[in-house]
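A.B. asks: I'm passing along data13.cif; it holds mmCIF, N, CA and C atoms.
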data_protein
loop_
_atom_site.label_atom_id
_atom_site.label_comp_id
_atom_site.auth_asym_id
_atom_site.auth_seq_id
_atom_site.Cartn_x
_atom_site.Cartn_y
_atom_site.Cartn_z
N MET A 1 0.81 -1.18 0.00
CA MET A 1 0.00 0.00 0.00
C MET A 1 0.86 1.25 0.00
N LYS A 2 1.96 1.21 0.75
CA LYS A 2 2.86 2.37 0.81
C LYS A 2 3.53 2.59 -0.54
N LYS A 3 3.81 1.51 -1.26
CA LYS A 3 4.43 1.66 -2.58
C LYS A 3 3.47 2.36 -3.54
N LEU A 4 2.19 1.98 -3.50
CA LEU A 4 1.20 2.60 -4.37
C LEU A 4 1.02 4.07 -4.03
N SER A 5 0.93 4.39 -2.74
CA SER A 5 0.74 5.78 -2.35
C SER A 5 1.96 6.62 -2.71
N SER A 6 3.15 6.10 -2.55
CA SER A 6 4.35 6.87 -2.90
C SER A 6 4.45 7.03 -4.43
N LEU A 7 4.01 6.06 -5.18
CA LEU A 7 4.00 6.18 -6.64
C LEU A 7 3.02 7.26 -7.08
N ILE A 8 1.86 7.32 -6.44
CA ILE A 8 0.87 8.35 -6.77
C ILE A 8 1.40 9.73 -6.42
N VAL A 9 2.04 9.85 -5.28
CA VAL A 9 2.56 11.16 -4.86
C VAL A 9 3.70 11.59 -5.78
N LYS A 10 4.57 10.69 -6.15
CA LYS A 10 5.68 11.05 -7.02
C LYS A 10 5.21 11.39 -8.43
N GLY A 11 4.18 10.73 -8.91
CA GLY A 11 3.70 10.96 -10.27
C GLY A 11 2.45 11.81 -10.32
N ARG A 12 2.26 12.68 -9.33
CA ARG A 12 1.02 13.47 -9.26
C ARG A 12 0.86 14.40 -10.44
N TYR A 13 1.93 15.00 -10.94
CA TYR A 13 1.81 15.91 -12.08
C TYR A 13 1.50 15.14 -13.37
N PHE A 14 2.07 13.95 -13.48
CA PHE A 14 1.77 13.10 -14.63
C PHE A 14 0.30 12.67 -14.60
N LEU A 15 -0.19 12.27 -13.44
CA LEU A 15 -1.59 11.87 -13.31
C LEU A 15 -2.53 13.05 -13.55
N LEU A 16 -2.14 14.23 -13.08
CA LEU A 16 -2.95 15.42 -13.32
C LEU A 16 -3.01 15.74 -14.81
N ALA A 17 -1.89 15.61 -15.51
CA ALA A 17 -1.85 15.87 -16.95
C ALA A 17 -2.73 14.88 -17.70
N ILE A 18 -2.69 13.63 -17.32
CA ILE A 18 -3.54 12.62 -17.96
C ILE A 18 -5.01 12.94 -17.72
N PHE A 19 -5.34 13.34 -16.50
CA PHE A 19 -6.73 13.68 -16.18
C PHE A 19 -7.19 14.88 -17.00
N ILE A 20 -6.36 15.90 -17.10
CA ILE A 20 -6.73 17.09 -17.88
C ILE A 20 -6.90 16.74 -19.36
N LEU A 21 -6.02 15.92 -19.90
CA LEU A 21 -6.15 15.49 -21.29
C LEU A 21 -7.44 14.70 -21.50
N ALA A 22 -7.78 13.86 -20.55
CA ALA A 22 -9.02 13.09 -20.66
C ALA A 22 -10.24 14.00 -20.62
N VAL A 23 -10.21 15.03 -19.79
CA VAL A 23 -11.33 15.96 -19.72
C VAL A 23 -11.46 16.74 -21.02
N VAL A 24 -10.35 17.22 -21.56
CA VAL A 24 -10.39 17.98 -22.82
C VAL A 24 -10.88 17.08 -23.96
N ALA A 25 -10.39 15.86 -24.02
CA ALA A 25 -10.82 14.94 -25.07
C ALA A 25 -12.31 14.63 -24.92
N SER A 26 -12.78 14.50 -23.70
CA SER A 26 -14.21 14.23 -23.47
C SER A 26 -15.06 15.40 -23.93
N CYS A 27 -14.59 16.62 -23.71
CA CYS A 27 -15.35 17.80 -24.15
C CYS A 27 -15.50 17.82 -25.67
N PHE A 28 -14.47 17.46 -26.39
CA PHE A 28 -14.56 17.44 -27.85
C PHE A 28 -15.40 16.27 -28.34
N LYS A 29 -15.27 15.13 -27.72
CA LYS A 29 -16.02 13.94 -28.14
C LYS A 29 -17.50 14.01 -27.75
N MET A 30 -17.83 14.85 -26.78
CA MET A 30 -19.20 14.97 -26.32
C MET A 30 -20.13 15.41 -27.45
N GLN A 31 -19.63 16.19 -28.39
CA GLN A 31 -20.44 16.67 -29.50
C GLN A 31 -20.82 15.56 -30.48
N HIS A 32 -20.10 14.47 -30.45
CA HIS A 32 -20.33 13.38 -31.40
C HIS A 32 -21.16 12.23 -30.81
N VAL A 33 -21.69 12.42 -29.62
CA VAL A 33 -22.49 11.39 -28.99
C VAL A 33 -23.93 11.54 -29.46
N ASN A 34 -24.49 10.49 -30.00
CA ASN A 34 -25.88 10.49 -30.44
C ASN A 34 -26.75 9.88 -29.35
N ILE A 35 -27.86 10.53 -29.07
CA ILE A 35 -28.78 10.05 -28.05
C ILE A 35 -30.00 9.48 -28.73
N ASN A 36 -30.35 8.27 -28.38
CA ASN A 36 -31.52 7.61 -28.93
C ASN A 36 -32.66 7.76 -27.94
N TYR A 37 -33.63 8.60 -28.28
CA TYR A 37 -34.76 8.82 -27.39
C TYR A 37 -35.88 7.81 -27.62
N ASN A 38 -35.81 7.02 -28.67
CA ASN A 38 -36.84 6.02 -28.95
C ASN A 38 -36.49 4.74 -28.20
N LEU A 39 -37.10 4.57 -27.05
CA LEU A 39 -36.78 3.41 -26.21
C LEU A 39 -37.35 2.11 -26.76
N MET A 40 -38.27 2.21 -27.74
CA MET A 40 -38.82 0.99 -28.34
C MET A 40 -37.76 0.21 -29.11
N GLN A 41 -36.72 0.88 -29.56
CA GLN A 41 -35.66 0.19 -30.30
C GLN A 41 -34.88 -0.78 -29.42
N TYR A 42 -34.93 -0.59 -28.11
CA TYR A 42 -34.20 -1.47 -27.20
C TYR A 42 -35.02 -2.68 -26.79
N LEU A 43 -36.31 -2.65 -27.08
CA LEU A 43 -37.17 -3.77 -26.69
C LEU A 43 -37.16 -4.86 -27.75
N ASP A 44 -37.42 -6.07 -27.33
CA ASP A 44 -37.53 -7.19 -28.25
C ASP A 44 -38.80 -7.02 -29.09
N LYS A 45 -38.72 -7.34 -30.37
CA LYS A 45 -39.87 -7.14 -31.28
C LYS A 45 -41.08 -7.97 -30.89
N ASN A 46 -40.87 -9.10 -30.24
CA ASN A 46 -41.97 -9.99 -29.90
C ASN A 46 -42.41 -9.86 -28.44
N SER A 47 -41.89 -8.90 -27.72
CA SER A 47 -42.26 -8.79 -26.30
C SER A 47 -43.64 -8.16 -26.16
N SER A 48 -44.24 -8.43 -25.03
CA SER A 48 -45.59 -7.90 -24.77
C SER A 48 -45.55 -6.38 -24.64
N SER A 49 -44.45 -5.82 -24.15
CA SER A 49 -44.33 -4.36 -24.03
C SER A 49 -44.34 -3.70 -25.40
N THR A 50 -43.63 -4.28 -26.36
CA THR A 50 -43.59 -3.72 -27.71
C THR A 50 -44.97 -3.80 -28.35
N GLU A 51 -45.64 -4.93 -28.18
CA GLU A 51 -46.98 -5.07 -28.75
C GLU A 51 -47.95 -4.07 -28.12
N ALA A 52 -47.85 -3.87 -26.81
CA ALA A 52 -48.74 -2.92 -26.13
C ALA A 52 -48.46 -1.49 -26.59
N LEU A 53 -47.21 -1.13 -26.75
CA LEU A 53 -46.87 0.21 -27.22
C LEU A 53 -47.35 0.44 -28.65
N GLU A 54 -47.26 -0.59 -29.49
CA GLU A 54 -47.75 -0.46 -30.86
C GLU A 54 -49.27 -0.28 -30.89
N VAL A 55 -49.98 -1.02 -30.05
CA VAL A 55 -51.43 -0.88 -29.98
C VAL A 55 -51.79 0.52 -29.49
N MET A 56 -51.09 1.02 -28.48
CA MET A 56 -51.37 2.36 -27.96
C MET A 56 -51.10 3.42 -29.02
N GLU A 57 -50.02 3.26 -29.79
CA GLU A 57 -49.71 4.23 -30.84
C GLU A 57 -50.75 4.19 -31.95
N ASN A 58 -51.22 2.99 -32.30
CA ASN A 58 -52.25 2.88 -33.34
C ASN A 58 -53.59 3.46 -32.87
N GLU A 59 -53.90 3.26 -31.59
CA GLU A 59 -55.19 3.72 -31.07
C GLU A 59 -55.19 5.23 -30.77
N PHE A 60 -54.11 5.70 -30.17
CA PHE A 60 -54.10 7.07 -29.67
C PHE A 60 -53.14 8.00 -30.43
N GLY A 61 -52.31 7.46 -31.30
CA GLY A 61 -51.34 8.30 -32.01
C GLY A 61 -50.10 8.50 -31.17
N SER A 62 -49.20 9.25 -31.72
CA SER A 62 -47.94 9.53 -31.03
C SER A 62 -48.21 10.50 -29.89
N VAL A 63 -47.70 10.15 -28.73
CA VAL A 63 -47.94 10.96 -27.54
C VAL A 63 -46.62 11.64 -27.15
N GLY A 64 -46.70 12.91 -26.85
CA GLY A 64 -45.53 13.64 -26.42
C GLY A 64 -45.85 14.55 -25.26
N GLN A 65 -44.83 15.06 -24.66
CA GLN A 65 -45.00 15.98 -23.55
C GLN A 65 -44.22 17.25 -23.84
N CYS A 66 -44.68 18.31 -23.25
CA CYS A 66 -44.00 19.59 -23.42
C CYS A 66 -44.07 20.35 -22.11
N GLN A 67 -42.97 20.95 -21.75
CA GLN A 67 -42.94 21.84 -20.60
C GLN A 67 -42.40 23.17 -21.08
N ALA A 68 -43.01 24.24 -20.65
CA ALA A 68 -42.57 25.57 -21.06
C ALA A 68 -42.50 26.47 -19.85
N MET A 69 -41.54 27.37 -19.89
CA MET A 69 -41.42 28.36 -18.84
C MET A 69 -41.40 29.73 -19.49
N VAL A 70 -42.18 30.62 -18.96
CA VAL A 70 -42.25 31.97 -19.48
C VAL A 70 -41.64 32.89 -18.44
N SER A 71 -40.67 33.67 -18.84
CA SER A 71 -40.03 34.59 -17.90
C SER A 71 -40.63 35.98 -18.02
N GLU A 72 -40.26 36.81 -17.11
CA GLU A 72 -40.70 38.20 -17.08
C GLU A 72 -42.22 38.34 -16.92
N VAL A 73 -42.83 37.43 -16.20
CA VAL A 73 -44.26 37.52 -15.88
C VAL A 73 -44.35 38.17 -14.52
N LYS A 74 -45.02 39.28 -14.46
CA LYS A 74 -45.05 40.07 -13.22
C LYS A 74 -46.31 39.89 -12.40
N SER A 75 -47.40 39.41 -13.01
CA SER A 75 -48.64 39.35 -12.25
C SER A 75 -49.44 38.10 -12.63
N ALA A 76 -50.43 37.81 -11.81
CA ALA A 76 -51.31 36.67 -12.06
C ALA A 76 -52.18 36.92 -13.29
N GLU A 77 -52.46 38.18 -13.60
CA GLU A 77 -53.24 38.51 -14.79
C GLU A 77 -52.49 38.12 -16.05
N GLN A 78 -51.19 38.36 -16.07
CA GLN A 78 -50.39 37.95 -17.23
C GLN A 78 -50.37 36.44 -17.38
N VAL A 79 -50.32 35.73 -16.26
CA VAL A 79 -50.37 34.26 -16.31
C VAL A 79 -51.69 33.81 -16.90
N ALA A 80 -52.78 34.44 -16.49
CA ALA A 80 -54.10 34.08 -17.02
C ALA A 80 -54.19 34.35 -18.52
N GLU A 81 -53.59 35.45 -18.98
CA GLU A 81 -53.59 35.75 -20.42
C GLU A 81 -52.81 34.70 -21.19
N ILE A 82 -51.66 34.33 -20.68
CA ILE A 82 -50.82 33.32 -21.35
C ILE A 82 -51.55 31.98 -21.37
N LYS A 83 -52.20 31.63 -20.26
CA LYS A 83 -52.95 30.37 -20.19
C LYS A 83 -54.08 30.37 -21.20
N ALA A 84 -54.78 31.50 -21.34
CA ALA A 84 -55.88 31.58 -22.31
C ALA A 84 -55.36 31.43 -23.74
N LYS A 85 -54.22 32.01 -24.04
CA LYS A 85 -53.64 31.87 -25.38
C LYS A 85 -53.25 30.42 -25.66
N LEU A 86 -52.67 29.76 -24.65
CA LEU A 86 -52.26 28.37 -24.84
C LEU A 86 -53.46 27.45 -25.01
N GLU A 87 -54.54 27.73 -24.31
CA GLU A 87 -55.73 26.89 -24.42
C GLU A 87 -56.39 27.01 -25.77
N LYS A 88 -56.17 28.12 -26.48
CA LYS A 88 -56.76 28.31 -27.81
C LYS A 88 -56.03 27.52 -28.88
N LEU A 89 -54.82 27.08 -28.62
CA LEU A 89 -54.07 26.32 -29.61
C LEU A 89 -54.74 24.97 -29.84
N THR A 90 -54.90 24.59 -31.08
CA THR A 90 -55.58 23.33 -31.38
C THR A 90 -54.69 22.12 -31.13
N ALA A 91 -53.39 22.32 -31.06
CA ALA A 91 -52.48 21.20 -30.84
C ALA A 91 -52.53 20.69 -29.40
N TRP A 92 -53.00 21.51 -28.50
CA TRP A 92 -53.07 21.11 -27.10
C TRP A 92 -54.32 20.26 -26.88
N LEU A 93 -54.14 19.09 -26.34
CA LEU A 93 -55.30 18.30 -25.96
C LEU A 93 -55.81 18.74 -24.58
N ARG A 94 -54.87 18.98 -23.71
CA ARG A 94 -55.22 19.49 -22.39
C ARG A 94 -53.97 20.07 -21.74
N LEU A 95 -54.19 21.03 -20.90
CA LEU A 95 -53.12 21.59 -20.09
C LEU A 95 -53.22 20.99 -18.70
N LEU A 96 -52.16 20.36 -18.27
CA LEU A 96 -52.22 19.71 -16.97
C LEU A 96 -52.20 20.71 -15.83
N SER A 97 -51.30 21.67 -15.92
CA SER A 97 -51.25 22.67 -14.86
C SER A 97 -50.54 23.91 -15.35
N ILE A 98 -50.92 25.00 -14.81
CA ILE A 98 -50.25 26.27 -15.05
C ILE A 98 -49.81 26.77 -13.67
N THR A 99 -48.54 26.91 -13.50
CA THR A 99 -48.02 27.39 -12.23
C THR A 99 -48.09 28.90 -12.22
N THR A 100 -48.59 29.43 -11.16
CA THR A 100 -48.79 30.88 -11.09
C THR A 100 -47.81 31.55 -10.14
N LYS A 101 -46.62 31.01 -10.06
CA LYS A 101 -45.62 31.63 -9.20
C LYS A 101 -45.06 32.86 -9.92
N THR A 102 -45.16 33.96 -9.28
CA THR A 102 -44.54 35.16 -9.82
C THR A 102 -43.28 35.44 -9.03
N ARG A 103 -42.53 36.39 -9.48
CA ARG A 103 -41.26 36.69 -8.84
C ARG A 103 -41.47 37.12 -7.40
N GLU A 104 -42.54 37.85 -7.13
CA GLU A 104 -42.79 38.31 -5.77
C GLU A 104 -43.14 37.15 -4.86
N LYS A 105 -43.85 36.15 -5.38
CA LYS A 105 -44.29 35.03 -4.56
C LYS A 105 -43.17 34.03 -4.30
N CYS A 106 -42.30 33.82 -5.29
CA CYS A 106 -41.35 32.72 -5.15
C CYS A 106 -40.06 33.15 -4.48
N CYS A 107 -39.69 34.40 -4.60
CA CYS A 107 -38.40 34.79 -4.08
C CYS A 107 -38.42 36.27 -3.74
N THR A 108 -38.26 36.60 -2.50
CA THR A 108 -38.26 38.01 -2.11
C THR A 108 -36.91 38.66 -2.35
N LYS A 109 -35.86 37.86 -2.57
CA LYS A 109 -34.52 38.41 -2.78
C LYS A 109 -34.26 38.73 -4.25
N CYS A 110 -35.15 38.34 -5.17
CA CYS A 110 -34.94 38.59 -6.58
C CYS A 110 -35.02 40.10 -6.84
N SER A 111 -34.19 40.52 -7.77
CA SER A 111 -34.23 41.97 -8.08
C SER A 111 -35.05 42.23 -9.31
#
Show me this structure written as structure tokens.

C.D. replies:
Amino acid sequence: MKKLSSLIVKGRYFLLAIFILAVVASCFKMQHVNINYNLMQYLDKNSSSTEALEVMENEFGSVGQCQAMVSEVKSAEQVAEIKAKLEKLTAWLRLLSITTKTREKCCTKCS
């Protein structure tokens, strides 16, 4: 154990350089990572989960979720106006909730 610890202490600058190189390389490689958001591709084609998801998609269509935040809202009246505009959109099936936190209500230290 003492040999390992003395090796780490003696080679600390070398280990630090390797760590920094790994971080820099990770930052550049991060742009080339593809994210697969379709989790159905990971399921077996014959599984009951895949069949159930296909039935749901055929019956109800593609389902998605959206969350939006609107800044610079100063009053509850503005929230009500924004909610009314969103409810008029035909793409919305339903609005689950509209949070009415204003800057005065959520944080007294905000400027």

A.B. asks: Suppose you want the space between CA of Ile35 in chain A and atom N of Glu54 in chain A; what is it in Å?

C.D. replies: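 Straight-line distance from CA of Ile35 in chain A to atom N of Glu54 in chain A works out to 21.4 Å.
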
A.B. asks: Between atom N of Val23 in chain A and CA of Leu7 in chain A, what distance in Å does the model show, to one decimal?

C.D. replies: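 Distance reported for this atom pair: 21.3 Å.
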
A.B. asks: Rounded to one decimal place, report the CA of Met69 in chain A-CA of Lys83 in chain A distance in Å.

C.D. replies: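 CA of Lys83 in chain A lies 11.8 Å from CA of Met69 in chain A.
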
A.B. asks: Could you give me the axis-aligned bounding box of range 80-87 of chain A, with 8 Å of padding per side, as centre plus edge lengths in Å to one decimal, as AutoDock Vina command-line options?

C.D. replies:
--center_x -53.6 --center_y 31.3 --center_z -21.1 --size_x 21.6 --size_y 24.9 --size_z 25.3

A.B. asks: Could you pull out the alpha helix (DSSP H) residues of range 14-45 of chain A from DSSP and send them as a list in words?

C.D. replies: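 Matching residues, listed in order: Phe14, Leu15, Leu16, Ala17, Ile18, Phe19, Ile20, Leu21, Ala22, Val23, Val24, Ala25, Ser26, Cys27, Phe28 and Lys29 of chain A.
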
A.B. asks: Can those selected residues be exported to a file as a compact mmCIF listing (two decimals), keeping the file's coordinate frame so that it contains N, CA and C atoms?

C.D. replies:
# COMPACT_ATOMS: atom_id res chain seq x y z
N PHE A 14 2.07 13.95 -13.48
CA PHE A 14 1.77 13.10 -14.63
C PHE A 14 0.30 12.67 -14.60
N LEU A 15 -0.19 12.27 -13.44
CA LEU A 15 -1.59 11.87 -13.31
C LEU A 15 -2.53 13.05 -13.55
N LEU A 16 -2.14 14.23 -13.08
CA LEU A 16 -2.95 15.42 -13.32
C LEU A 16 -3.01 15.74 -14.81
N ALA A 17 -1.89 15.61 -15.51
CA ALA A 17 -1.85 15.87 -16.95
C ALA A 17 -2.73 14.88 -17.70
N ILE A 18 -2.69 13.63 -17.32
CA ILE A 18 -3.54 12.62 -17.96
C ILE A 18 -5.01 12.94 -17.72
N PHE A 19 -5.34 13.34 -16.50
CA PHE A 19 -6.73 13.68 -16.18
C PHE A 19 -7.19 14.88 -17.00
N ILE A 20 -6.36 15.90 -17.10
CA ILE A 20 -6.73 17.09 -17.88
C ILE A 20 -6.90 16.74 -19.36
N LEU A 21 -6.02 15.92 -19.90
CA LEU A 21 -6.15 15.49 -21.29
C LEU A 21 -7.44 14.70 -21.50
N ALA A 22 -7.78 13.86 -20.55
CA ALA A 22 -9.02 13.09 -20.66
C ALA A 22 -10.24 14.00 -20.62
N VAL A 23 -10.21 15.03 -19.79
CA VAL A 23 -11.33 15.96 -19.72
C VAL A 23 -11.46 16.74 -21.02
N VAL A 24 -10.35 17.22 -21.56
CA VAL A 24 -10.39 17.98 -22.82
C VAL A 24 -10.88 17.08 -23.96
N ALA A 25 -10.39 15.86 -24.02
CA ALA A 25 -10.82 14.94 -25.07
C ALA A 25 -12.31 14.63 -24.92
N SER A 26 -12.78 14.50 -23.70
CA SER A 26 -14.21 14.23 -23.47
C SER A 26 -15.06 15.40 -23.93
N CYS A 27 -14.59 16.62 -23.71
CA CYS A 27 -15.35 17.80 -24.15
C CYS A 27 -15.50 17.82 -25.67
N PHE A 28 -14.47 17.46 -26.39
CA PHE A 28 -14.56 17.44 -27.85
C PHE A 28 -15.40 16.27 -28.34
N LYS A 29 -15.27 15.13 -27.72
CA LYS A 29 -16.02 13.94 -28.14
C LYS A 29 -17.50 14.01 -27.75
